[in-house]
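Student: My questions will all concern the structure given below.
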Amino acid sequence: MQEEFLTSYFQVNLKRFQCIDHPYEISKLHYCHMETLRNGSQVLGVILEFLNSLQKVNVAGGLYIQYFRTRTPLLATTMEYCQQNKDILSIKNPVNKFALDYAQKHLPQLLTDCPIRKGKVFNITGLLVDDRLIPSFVMSGTYYVEFRAYNKRNQTAFSAWLEADIK
């Protein structure tokens with residue numbers, strides 16, 4: 001199933017974006033920033049360098065709708081990225097499939113071959129936050145998104161969360 005994304009229907013406003021739990025033992029966070037420009041546009045940036053080679057990379061993430069202090073999960077998954085990314089067509093878990101398809105369309109610079117080599121730099125700078133990032137099943141509301149990548153010893157390589165209003 002190919003996920004469709006909305007265009008020009010919603011306005012996205014990031015309330016908060018934060019890289020957390022750093023400094024990391026197995027990577028170095030060089031840059032983590034959200035900027036709101038004069039015209040109201042918002043831009044995200046993250047630069048992360050791996051200090052060790054990793055054979056296996058676990059990724060956990062979730063999308064939650066937020067109502068006051070309550071967060072209801074819409075999508076949440078944990079996957080072993082290197083195994084899942086080998087053969088995307090054979091992925092059985094629909095949330096993992098959605099996550100990798102979403103990354104391919106919107107964040108291709110995140111996708112890499114495994115193993116991840118020492119010195120590998122992930123550079124996601126100048127990412128314009130707009131309605132093209134919104135999956136078609138999302139409706140108006142406040143959302144919380146979390147993401148964490150870690151190795152087999154549960155050492156965090158990267159962790160972040162954001163809170164956004166979609167209207």
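In the structure tokens, each chain is lettered A, B, ... as it comes, each chain's residues begin at 1, and ligands are numbered from 1 in order of appearance.
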I'd like to know which residues of segment 60-144 of chain A are alpha helix (DSSP H) (by DSSP, run on the backbone); could you write them as number ranges by chain?

Tutor: A: 81-86, 94-106

Student: Please list as a list in words every residue within 7 Å of segment 77-83 of chain A, counting only C-alpha atoms and excluding residues in the same chain fewer than 3 positions away.

Tutor: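 My reading of the contact set: Lys56, Val57, Asn58, Val59, Ala60, Gly61, Gly62, Lys86, Val95, Asn96 and Cys114 of chain A.
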
Student: Please, which residues of segment 56-163 of chain A, numbered as in this document, come out strand (DSSP E or B) from DSSP, as a PyMOL selection string?

Tutor: chain A and resi 58-67+70-80+116+121-129+135+141-150+156-163

Student: Of the candidates A:Glu35, A:Asp101, A:Glu25, A:Glu49, which one gets nearest to Arg117 of chain A if we count only C-alpha atoms?

Tutor: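 The shortest atom-to-atom distance to Arg117 of chain A comes from A:Glu49.
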
Student: Which one is closest to Leu110 of chain A: A:Leu89, A:Phe158, A:Arg153, A:Arg69? Count only C-alpha atoms.

Tutor: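 For Leu110 of chain A, the nearest of the given residues is A:Phe158.
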
Student: Could you check the closest approach to Gln42 of chain A for each of A:Ile134, A:Ile65, A:Ile166, A:Leu14 and tell me which residue wins, using only C-alpha atoms?

Tutor: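 Distance minimum relative to Gln42 of chain A lands on A:Leu14.
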
Student: Could you tell me how far atom CA of Lys167 of chain A lies from atom CA of Gln109 of chain A, in Å and to one decimal?

Tutor: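 Separation of atom CA of Lys167 of chain A and atom CA of Gln109 of chain A: 27.9 Å.
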
Student: Counting only C-alpha atoms, what is within 10 Å of Ser159 of chain A, bar same-chain residues fewer than 3 positions away, as JSON, numbers by chain?

Tutor: {"A": [18, 19, 20, 21, 22, 24, 59, 60, 61, 146, 147, 148, 149, 150, 156]}

Student: Please produce a file of the residues just selected, as an mmCIF file, in the first residue's frame, where the atoms kept are C-alpha atoms.

Tutor:
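Below you can see again-v7.cif, which holds the result:
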```cif
data_model
loop_
_atom_site.group_PDB
_atom_site.id
_atom_site.type_symbol
_atom_site.label_atom_id
_atom_site.label_comp_id
_atom_site.auth_asym_id
_atom_site.auth_seq_id
_atom_site.Cartn_x
_atom_site.Cartn_y
_atom_site.Cartn_z
ATOM 1 C CA GLN A 18 14.255 18.703 21.189
ATOM 2 C CA CYS A 19 17.121 16.242 20.947
ATOM 3 C CA ILE A 20 17.309 14.470 24.292
ATOM 4 C CA ASP A 21 19.513 12.204 26.410
ATOM 5 C CA HIS A 22 22.775 13.523 24.953
ATOM 6 C CA TYR A 24 25.474 9.910 23.538
ATOM 7 C CA VAL A 59 14.802 2.189 15.916
ATOM 8 C CA ALA A 60 11.796 3.020 18.063
ATOM 9 C CA GLY A 61 9.263 5.686 17.255
ATOM 10 C CA GLU A 146 9.200 10.512 19.472
ATOM 11 C CA PHE A 147 12.182 8.798 17.872
ATOM 12 C CA ARG A 148 15.116 6.837 19.270
ATOM 13 C CA ALA A 149 17.922 4.895 17.587
ATOM 14 C CA TYR A 150 20.109 2.593 19.682
ATOM 15 C CA THR A 156 21.370 5.564 22.466
#
```

Student: Could you check the closest approach to Pro135 of chain A for each of A:Thr36, A:Leu74, A:Ile91, A:Trp161 and tell me which residue wins, using only C-alpha atoms?

Tutor: A:Leu74

Student: Looking at A:Tyr67, A:Phe122, A:Phe17, A:Tyr144, which one is nearest to Ile47 of chain A, with distances taken over only C-alpha atoms?

Tutor: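 Result for the nearest residue to Ile47 of chain A: A:Phe122.
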
Student: With only C-alpha atoms as the basis for distance, which of A:Arg71, A:His33, A:Lys28, A:Arg132 is at the shortest distance from Gln11 of chain A?

Tutor: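 Nearest to Gln11 of chain A: A:Arg132.
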